[in-house]
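Asker: Pasting a structure below so you can have a look.
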Amino acid sequence: MADTQTLVRQKTASKAEQAGLATRRAPLAGKQGGSATVILVPAEAASRISLRARAEDVGALSKGLGLALPVKPKTSATAGERTALWLGPDEWLVIDQSGADLVAVAASSGALHSATDVSHRNTAVIVSGPGAAAAINSGCPQDLALAVFPVGACSRTIFGKAEIVLWRMAEDKFRVECWRSFSEYVFGLLSEGAEDAAL
Amino acid sequence: MSGANRIAGAGRLTPAKTARFTFDGKSYTALQGDTVASALLANGVHLVGRSFKYHRPRGILSAGAEEPNALIDVARDSARKQPNVRATVQEVFDGAIVSSQNRWPSLAFDVNGVNNLLSPFFAAGFYYKTFMWPKNAWHKLYEPFIRRSAGLGVAPKEADPDHYSSRYAHCDVLVVGAGIAGLSAALAAAATGASVVLCDEQPEVGGALHYDSGVTIDGTPGYDWAQATAARLAAMPNVKLMTRTTAFGYYNHNFVGLAERVTDHLADPDRTQPRERLWQVRAKRVIIANGAIERHMVFANNDRPGIMLASAARTYLNHFGVAVGAKVGVFTAHDSAYEAAFDLKRAGVAIAAIVDCRDRPGEAVLAEARKLGIEVLTGHSVTNTAGKLRVSSMTVARNGSNAGRRINIDALLVSAGWTPSIHLFSQSRGKVKFDAEHQRFLPGTYAQESVSVGACNGTDALQATIDEAIAAGEDMARAAGATAGGKVTVNAQSTFEWTGGMIGAGEGAGPDTTVKAFIDFQHDVCAKDIRLAVREGMHSIEHIKRFTTNGMASDQGKLSNMHGLAIAADALGKEIPKVGLTTFRAPYTPVTFGTLINHSRGKLFDPARKTPIHPWAEAHGAEFEDVGNWKRAWFFPKAGETMHQAVDRECKTVRNVAGVFDASTLGKIEVVGPDAAEFLNLIYTNAWDSLKPGRCRYGIMLREDGFVYDDGVVGRLAEDRFHVTTTTGGAPRVLHHMEDYLQTEFPHLKVWLTSATEQWAVIAVQGPKAREIIAPLVEGIDISNEAFPHMSVAEGKICGVPTRLFRMSFTGELGFEINVPADYGQAIWEAVWARAEPMGACAYGTETMHVLRAEKGYIIVGQDTDGTVTPDDASLNWAVSKKKSDFVGIRGLKRPDLVKDGRKQLVGLVTKDPKTVLEEGAQIVADPNEPKPMTMLGHVTSSYWSENCGRSIAFALVAGGRARTGQTLYVPMPDKTIAVEVTDMVFFDKEGGRIHG
């Protein structure tokens, strides 16, 4: 067993050397889970920034980012591969699936702001299926009824003992963002929640 | 045959569906749907337990959650085993192993039954008085004895193999209780389109309709109407109906805890199912429809097996088809008990007599009794009973007369009337009011958005209950925002209207008697105990409760509270409301620990935070230590090495060659904005505007009171961007501290804070060969000593990956800290390791890090400081700006106590014997021969064996410490006194040249 692991490590290391690049290892790589009604999949790598700005600079930043930064609580805005999630009156989590350099994009706006790269700080689990909301409600006290938490809604909230950012991508599809060192815990609790949601 | 006392045609269970179980090793047959209580009664078993204090034989008193007596142990196997289960709510499943408790060697012959004879010595308050003296007997004798006798049942020793789950839910209207009132309220609320959760603790809805056969609703028998209504509700998309679900706690803002029992009633549960599920429901409105609980009568020897509540006997007959006796007496103060007698009589059971302590019972029930030929003795009371393991006779006397006659019976049904269940209302912080006419407490002033309906609200008449519930259902739904139409009407008739009720002691159990007239069965509290408490000077009901333990058992006095209160009020000569009611606490009925912790066990007990490099450390044999929630590599033992050997080797290797260390857990905060430097000037004691981009500085931050709060190195990446590091454990609170000041004190500053702890994996490479190790991997940064001196920071690439490279050191050696995006952490570590290992460098852990920093006199905030240490105490005055006019803590530092002489200061200690390693936390004295209590000068904060110094080293906080340099002090230990010398804090490379190598 240990030998196999060493072999695999050597193989990946040599591959990375050939490419001249270090290997990227996602915290949830290889994880899978779910139940009859819930599918749990680690999200693909994405670039992310924690964006902070005052109200008067939202317009310019929106132009720069190519989407209207949401200003209402629990809302998000998506344009193409890029989504901005409202986290607070002056705070957004911007996620870009294409891997764009969001710090540079935000800087191009010329507006006063703070953009901090958190692409690697966060990781995410995509929770989908008819039992998705119930699985999340195993540890998240938010009301996930469609009327209250519609498609596009988002919230920085808790899941068991971990902080998460929850974003409803579709009626039965959520993105659960968390800090990487909490991801094993979050995935584990989601797995138990998913099983319970299928009963 | 499912029991000799099963009456053909009676009850609602199916005779063909049986289940086998054992009770104290004997096998019995039950019907599916039986509770353990109903199945035992069907088999003629009344004796099911022994009382807690006197070990008196006890039977089944009730048919519900209020049961104080019939506590049993229910097991599937040696691990799936639960003590103190109420036999009246535990459903029988095939293969159940049921045992009685609190008896030895057997239920019928219990040695501790002698306590009953000794009871004059066990009066209320016995423990408080007896175990006061002699003082030293407490630990050796009394406490072990009390602990052994205390508590009922035996907890299983094995780990619980079942699992439990949790769910949060929201609804417009939560209806607690699915009896007539709850069902009616839920119907009305659901008709408006509101989202409704309806829960009930029983396996089926119906509540009182389980026993009350005299109710017709919308033309059908009440129980059938309830089941049909439940089916209707369950089919509605906006309704969630949960049976076997107890609302056990009512918390703030209509937050209600429900415990759903999922598998406890199943013979062969699907193991994927949780045993129980915790529901945490946030409801816009709550409708409490908890009904009422029947009280027993308080008279001498009212606790014998076979004596039970009248409504319970009716439940056993009408729902379970079980006759609780063949010759049954009734003792009542309320009309409802008559109906139990009527039902039993019609089922063919002999009724010895109905003894009614009232002179004028309800006319209708009297007439019906006459019609059925049942003898009714009004103005009479049962003054005593006989029967060792089951009641065999009752003594009946005219009220006020001593002459009684004995009537042989094998069961006695009692009713003193009904106590509204205001438990949840009281838990919601509602204030109760006293209904003097009916001698009961009712919901008065509401503290939350809720309403009580039906019997728990003092509404007794059937149609009035329904009308009240329907109105509440609609009102609450509308208040929660529901708009759809839909009127609900429900019409019901009952055979009899009930009157009556009493609280307190009955005939023959008055103030002049010493008979055992039990009010609290579970804690063996009698009427006389309450009076004793009053005589002993307890005047508050809270004191009386604690002195007698009335209502303090696991049933929380559901039957006993009102009786106890009435007797206390009588003894005190006060009105009941003046004596007051004790507050009801959650949980309403016991909740298992499994339900409360649900998913939080094993790996999900607490997040175990691991760094990106964790898998490598694990594969290389690291031992880990917990730092907060983090798992940090502690040391890397080679085969056969002890911890000390490994740490000594790592310490030597770092100083002689180099070492590689995972510092990823260090807190990191990115401080960004045009006012970033100004903000740091205010947060830290030292100056930041003078720091050039590309340079780093060590900073300390204080609390307002002037004491050291955290420290760390801050790098300036650009004019408007700083990379702040904090201690591992301090990361979250330092960010909060900074945010707090930014938002409340310095909101004018244009600066933002972001936690970047987990964005970066941090690889520290420390030692003389550090530069040689990383040089070929780094691109775009000149890391020569001239271009990149100690305390530099630069952005570039390493192995093609972006890096923030710091030249800094927590070892005193030439050192670098490589920050890379976390997903690349392990790959870069491996690349560094591939160069480091052949050079003879090592991977080292936190223990070596601690030793190396101590060798250099570097402190750890939180270990060498304890929240009472100023920068000067820690010899860090050099890091406090003398020029700045303001920073957090600047005023605190000027407090007289913080500048006076003789404060404890951090100093170095070396033991006279270099081999002796001090114990961290050990106290320090100047004169080891001083008589106790000795004058303690301070304590050891850090202590290690330093292989590099060839001796032990230590830090200590010592009063007037720096002035004592060179002095000999003493560390008294249990086995010896250790002489130490006070030194400065730098033990290795005092000149500090190595760091600039």
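Identifiers for the structure tokens are assigned positionally: chains receive A, B, ... in sequence, residues are indexed from 1 per chain, and ligands are indexed from 1 in the order shown.
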Given a cut-off of 6 Å, which residues of chain B touch chain A, counting only C-alpha atoms, written out as a PDB file with N, CA and C atoms, in the first residue's frame?

Answerer:
```pdb
ATOM      1  N   SER B 166     -29.680  14.935  11.762  1.00  0.00           N
ATOM      2  CA  SER B 166     -30.162  16.265  12.126  1.00  0.00           C
ATOM      3  C   SER B 166     -30.734  16.962  10.909  1.00  0.00           C
ATOM      4  N   ARG B 167     -31.730  17.774  11.127  1.00  0.00           N
ATOM      5  CA  ARG B 167     -32.312  18.536  10.022  1.00  0.00           C
ATOM      6  C   ARG B 167     -32.844  19.859  10.559  1.00  0.00           C
ATOM      7  N   TYR B 168     -32.512  20.924   9.858  1.00  0.00           N
ATOM      8  CA  TYR B 168     -33.140  22.210  10.155  1.00  0.00           C
ATOM      9  C   TYR B 168     -34.356  22.361   9.256  1.00  0.00           C
ATOM     10  N   HIS B 170     -38.002  25.000   8.396  1.00  0.00           N
ATOM     11  CA  HIS B 170     -38.748  26.234   8.619  1.00  0.00           C
ATOM     12  C   HIS B 170     -40.204  26.005   8.246  1.00  0.00           C
ATOM     13  N   PRO B 607     -14.018  19.769  13.048  1.00  0.00           N
ATOM     14  CA  PRO B 607     -13.184  19.748  11.849  1.00  0.00           C
ATOM     15  C   PRO B 607     -11.720  19.536  12.220  1.00  0.00           C
ATOM     16  N   ARG B 609      -8.375  20.268  10.836  1.00  0.00           N
ATOM     17  CA  ARG B 609      -7.812  21.066   9.739  1.00  0.00           C
ATOM     18  C   ARG B 609      -6.427  20.532   9.408  1.00  0.00           C
ATOM     19  N   LYS B 610      -6.209  20.281   8.126  1.00  0.00           N
ATOM     20  CA  LYS B 610      -4.922  19.743   7.679  1.00  0.00           C
ATOM     21  C   LYS B 610      -4.321  20.664   6.629  1.00  0.00           C
ATOM     22  N   VAL B 672      -5.274  45.717   2.739  1.00  0.00           N
ATOM     23  CA  VAL B 672      -5.186  46.374   1.433  1.00  0.00           C
ATOM     24  C   VAL B 672      -5.949  47.702   1.459  1.00  0.00           C
ATOM     25  N   GLU B 758      -5.444  30.404   4.464  1.00  0.00           N
ATOM     26  CA  GLU B 758      -5.501  29.150   3.717  1.00  0.00           C
ATOM     27  C   GLU B 758      -5.192  29.316   2.238  1.00  0.00           C
ATOM     28  N   GLN B 759      -5.002  30.570   1.807  1.00  0.00           N
ATOM     29  CA  GLN B 759      -4.628  30.773   0.398  1.00  0.00           C
ATOM     30  C   GLN B 759      -3.212  30.259   0.153  1.00  0.00           C
ATOM     31  N   CYS B 799       9.463  27.018  -9.114  1.00  0.00           N
ATOM     32  CA  CYS B 799       9.019  25.872  -9.914  1.00  0.00           C
ATOM     33  C   CYS B 799       7.864  26.268 -10.836  1.00  0.00           C
ATOM     34  N   GLY B 800       7.883  27.486 -11.331  1.00  0.00           N
ATOM     35  CA  GLY B 800       6.848  27.927 -12.256  1.00  0.00           C
ATOM     36  C   GLY B 800       5.578  28.411 -11.586  1.00  0.00           C
ATOM     37  N   PRO B 821       0.507  29.319  -3.637  1.00  0.00           N
ATOM     38  CA  PRO B 821      -0.917  28.988  -3.586  1.00  0.00           C
ATOM     39  C   PRO B 821      -1.095  27.548  -3.110  1.00  0.00           C
ATOM     40  N   ALA B 822      -2.057  27.362  -2.189  1.00  0.00           N
ATOM     41  CA  ALA B 822      -2.099  26.147  -1.389  1.00  0.00           C
ATOM     42  C   ALA B 822      -2.139  24.850  -2.192  1.00  0.00           C
ATOM     43  N   ASP B 823      -2.851  24.852  -3.321  1.00  0.00           N
ATOM     44  CA  ASP B 823      -2.925  23.613  -4.104  1.00  0.00           C
ATOM     45  C   ASP B 823      -1.535  23.150  -4.570  1.00  0.00           C
ATOM     46  N   TYR B 824      -0.585  24.085  -4.637  1.00  0.00           N
ATOM     47  CA  TYR B 824       0.773  23.729  -5.076  1.00  0.00           C
ATOM     48  C   TYR B 824       1.695  23.385  -3.904  1.00  0.00           C
ATOM     49  N   ALA B 827       3.552  19.997  -3.904  1.00  0.00           N
ATOM     50  CA  ALA B 827       4.496  19.845  -5.022  1.00  0.00           C
ATOM     51  C   ALA B 827       5.766  20.668  -4.777  1.00  0.00           C
TER      52      ALA B 827
END
```

Asker: Quick one: everything within 9 Å of segment 729-741 of chain B, counting only C-alpha atoms, minus sequence neighbours fewer than 3 positions away in the same chain. Send it as a ChimeraX atom specification.

Answerer: /B:627-630,665-669,683,703,709-710,725-726,744-747,752-755,757,862,888

Asker: Kindly indicate which residue among A:Ile164, A:Ala153, A:Ala111, A:Val103 lies nearest to Thr78 of chain A, using only C-alpha atoms for the distances.

Answerer: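 When distances to Thr78 of chain A are compared using only C-alpha atoms, the smallest one comes from A:Ala153.
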
Asker: Can you list, as a PyMOL selection string, every protein, DNA or RNA residue that comes within 9 Å of Met839 of chain B when you count only C-alpha atoms, leaving out same-chain residues fewer than 2 positions away?

Answerer: chain B and resi 657-658+769+773+835-837+841

Asker: Could you write out that same residue set with N, CA and C atoms as a PDB file, in the first residue's frame?

Answerer:
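Here's the written file out39.pdb:
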```pdb
ATOM      1  N   VAL B 657      23.011  22.106   9.046  1.00  0.00           N
ATOM      2  CA  VAL B 657      22.781  22.010   7.594  1.00  0.00           C
ATOM      3  C   VAL B 657      21.579  22.887   7.242  1.00  0.00           C
ATOM      4  N   ALA B 658      20.396  22.348   7.431  1.00  0.00           N
ATOM      5  CA  ALA B 658      19.155  23.092   7.185  1.00  0.00           C
ATOM      6  C   ALA B 658      17.986  22.180   7.529  1.00  0.00           C
ATOM      7  N   LYS B 769      22.347  26.107   4.899  1.00  0.00           N
ATOM      8  CA  LYS B 769      22.261  25.737   3.485  1.00  0.00           C
ATOM      9  C   LYS B 769      20.926  26.133   2.856  1.00  0.00           C
ATOM     10  N   ILE B 773      19.657  25.481  -1.024  1.00  0.00           N
ATOM     11  CA  ILE B 773      18.559  24.545  -1.325  1.00  0.00           C
ATOM     12  C   ILE B 773      17.559  25.171  -2.286  1.00  0.00           C
ATOM     13  N   ARG B 835      15.826  18.651  -3.099  1.00  0.00           N
ATOM     14  CA  ARG B 835      17.148  19.277  -3.021  1.00  0.00           C
ATOM     15  C   ARG B 835      17.707  19.201  -1.600  1.00  0.00           C
ATOM     16  N   ALA B 836      16.819  19.338  -0.611  1.00  0.00           N
ATOM     17  CA  ALA B 836      17.291  19.416   0.773  1.00  0.00           C
ATOM     18  C   ALA B 836      17.824  18.079   1.265  1.00  0.00           C
ATOM     19  N   GLU B 837      17.129  17.019   0.957  1.00  0.00           N
ATOM     20  CA  GLU B 837      17.470  15.716   1.526  1.00  0.00           C
ATOM     21  C   GLU B 837      18.898  15.283   1.169  1.00  0.00           C
ATOM     22  N   ALA B 841      19.830  17.828   4.885  1.00  0.00           N
ATOM     23  CA  ALA B 841      18.854  18.596   5.663  1.00  0.00           C
ATOM     24  C   ALA B 841      17.734  17.661   6.119  1.00  0.00           C
TER      25      ALA B 841
END
```

Asker: Applying 7 Å and only C-alpha atoms, which residues near Thr385 of chain B remain after dropping the ones on its own chain fewer than 6 positions away? List them as a compact mmCIF listing (two decimals) with N, CA and C atoms, in the first residue's frame.

Answerer:
```
# COMPACT_ATOMS: atom_id res chain seq x y z
N ASN B 301 -50.79 4.80 50.74
CA ASN B 301 -50.43 3.63 49.92
C ASN B 301 -51.09 3.65 48.55
N ASN B 302 -50.99 4.83 47.93
CA ASN B 302 -51.61 5.03 46.61
C ASN B 302 -50.68 4.60 45.48
N VAL B 391 -52.20 -4.39 44.12
CA VAL B 391 -53.27 -3.98 45.01
C VAL B 391 -54.30 -5.11 45.12
N SER B 393 -56.91 -4.79 47.86
CA SER B 393 -58.14 -4.23 48.42
C SER B 393 -57.97 -2.74 48.63
N MET B 394 -59.13 -2.08 48.72
CA MET B 394 -59.11 -0.66 49.09
C MET B 394 -59.99 -0.49 50.31
N THR B 395 -59.57 0.45 51.16
CA THR B 395 -60.37 0.78 52.33
C THR B 395 -61.13 2.05 52.01
```

Asker: Give me the residues within 9 Å of Ala55 of chain A as a list of chain:residue names, counting only C-alpha atoms and dropping any in the same chain fewer than 2 places off.

Answerer: A:Ala53, A:Asp57, A:Val58, A:Gly59, A:Val71, A:Pro89, A:Asp90

Asker: Write to file, as a PDB file, in the first residue's frame, the residues of the selection just made, with C-alpha atoms.

Answerer:
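The file below, result.pdb, is the result:
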```
ATOM      1  CA  ALA A  53     -15.319  48.327  -2.081  1.00  0.00           C
ATOM      2  CA  ASP A  57     -17.173  52.495  -6.461  1.00  0.00           C
ATOM      3  CA  VAL A  58     -19.546  49.647  -7.255  1.00  0.00           C
ATOM      4  CA  GLY A  59     -20.458  51.068 -10.656  1.00  0.00           C
ATOM      5  CA  VAL A  71     -26.119  45.231  -3.788  1.00  0.00           C
ATOM      6  CA  PRO A  89     -22.633  45.675   2.207  1.00  0.00           C
ATOM      7  CA  ASP A  90     -19.078  46.136   0.921  1.00  0.00           C
TER       8      ASP A  90
END
```

Asker: Counting only C-alpha atoms, what is within 6 Å of segment 36-43 of chain A, bar same-chain residues fewer than 6 positions away, as a ChimeraX atom specification?

Answerer: /A:124-132,194,198

Asker: Considering only C-alpha atoms, return as an MDAnalysis selection string whatever protein or nucleic-acid residues lie within 10 Å of Phe521 of chain B, sequence-local ones (same chain, fewer than 2 positions apart) excluded.

Answerer: chainID B and resid 51:53 56 58 61 67:69 302:303 517:519 523:526 550:551 553 555 557 559:560

Asker: Keeping only C-alpha atoms, write the selected residues to a file as a JSON list (two decimals), in the first residue's frame.

Answerer:
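Dumped everything to selection-v2.json:
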```
[["chain", "number", "residue", "atom", "x", "y", "z"],
["B", 51, "SER", "CA", -39.18, 2.91, 43.43],
["B", 52, "PHE", "CA", -36.03, 4.97, 43.64],
["B", 53, "LYS", "CA", -35.65, 5.59, 47.36],
["B", 56, "ARG", "CA", -41.40, -0.10, 46.87],
["B", 58, "ARG", "CA", -44.41, -0.18, 41.48],
["B", 61, "LEU", "CA", -49.52, 4.36, 36.38],
["B", 67, "GLU", "CA", -45.23, 7.90, 33.34],
["B", 68, "PRO", "CA", -43.17, 8.16, 36.54],
["B", 69, "ASN", "CA", -43.07, 4.52, 37.63],
["B", 302, "ASN", "CA", -51.61, 5.03, 46.61],
["B", 303, "ASP", "CA", -48.60, 3.58, 44.81],
["B", 517, "ALA", "CA", -49.44, 9.24, 50.39],
["B", 518, "PHE", "CA", -47.25, 9.67, 47.35],
["B", 519, "ILE", "CA", -47.28, 12.76, 45.23],
["B", 523, "HIS", "CA", -38.63, 10.36, 43.73],
["B", 524, "ASP", "CA", -40.77, 8.83, 46.48],
["B", 525, "VAL", "CA", -42.02, 12.17, 47.78],
["B", 526, "CYS", "CA", -45.07, 11.97, 50.04],
["B", 550, "ASN", "CA", -40.46, 16.86, 44.41],
["B", 551, "GLY", "CA", -40.68, 17.19, 40.64],
["B", 553, "ALA", "CA", -37.02, 13.28, 38.67],
["B", 555, "ASP", "CA", -40.66, 13.07, 34.66],
["B", 557, "GLY", "CA", -43.25, 16.28, 38.24],
["B", 559, "LEU", "CA", -48.18, 14.41, 37.97],
["B", 560, "SER", "CA", -46.84, 15.78, 41.23]]
```

Asker: How many Å separate atom CA of Leu413 of chain B from atom CA of Ile354 of chain B?

Answerer: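 Spanning atom CA of Leu413 of chain B to atom CA of Ile354 of chain B is a straight-line distance of 9.1 Å.
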
Asker: Among the residues of segment 14-179 of chain A, find those DSSP assigns to strand (DSSP E or B) from the backbone and print them as a PyMOL selection string.

Answerer: chain A and resi 33-34+39-42+47-52+76-79+82-88+91-96+114-117+122-128+154-159+162-170+173-179

Asker: List every residue of segment 180-218 of chain B that DSSP, applied to the backbone of this structure, places in helix (DSSP H, G or I), and write the result as JSON, numbers by chain.

Answerer: {"B": [180, 181, 182, 183, 184, 185, 186, 187, 188, 189, 190, 191, 207, 208, 209, 210]}
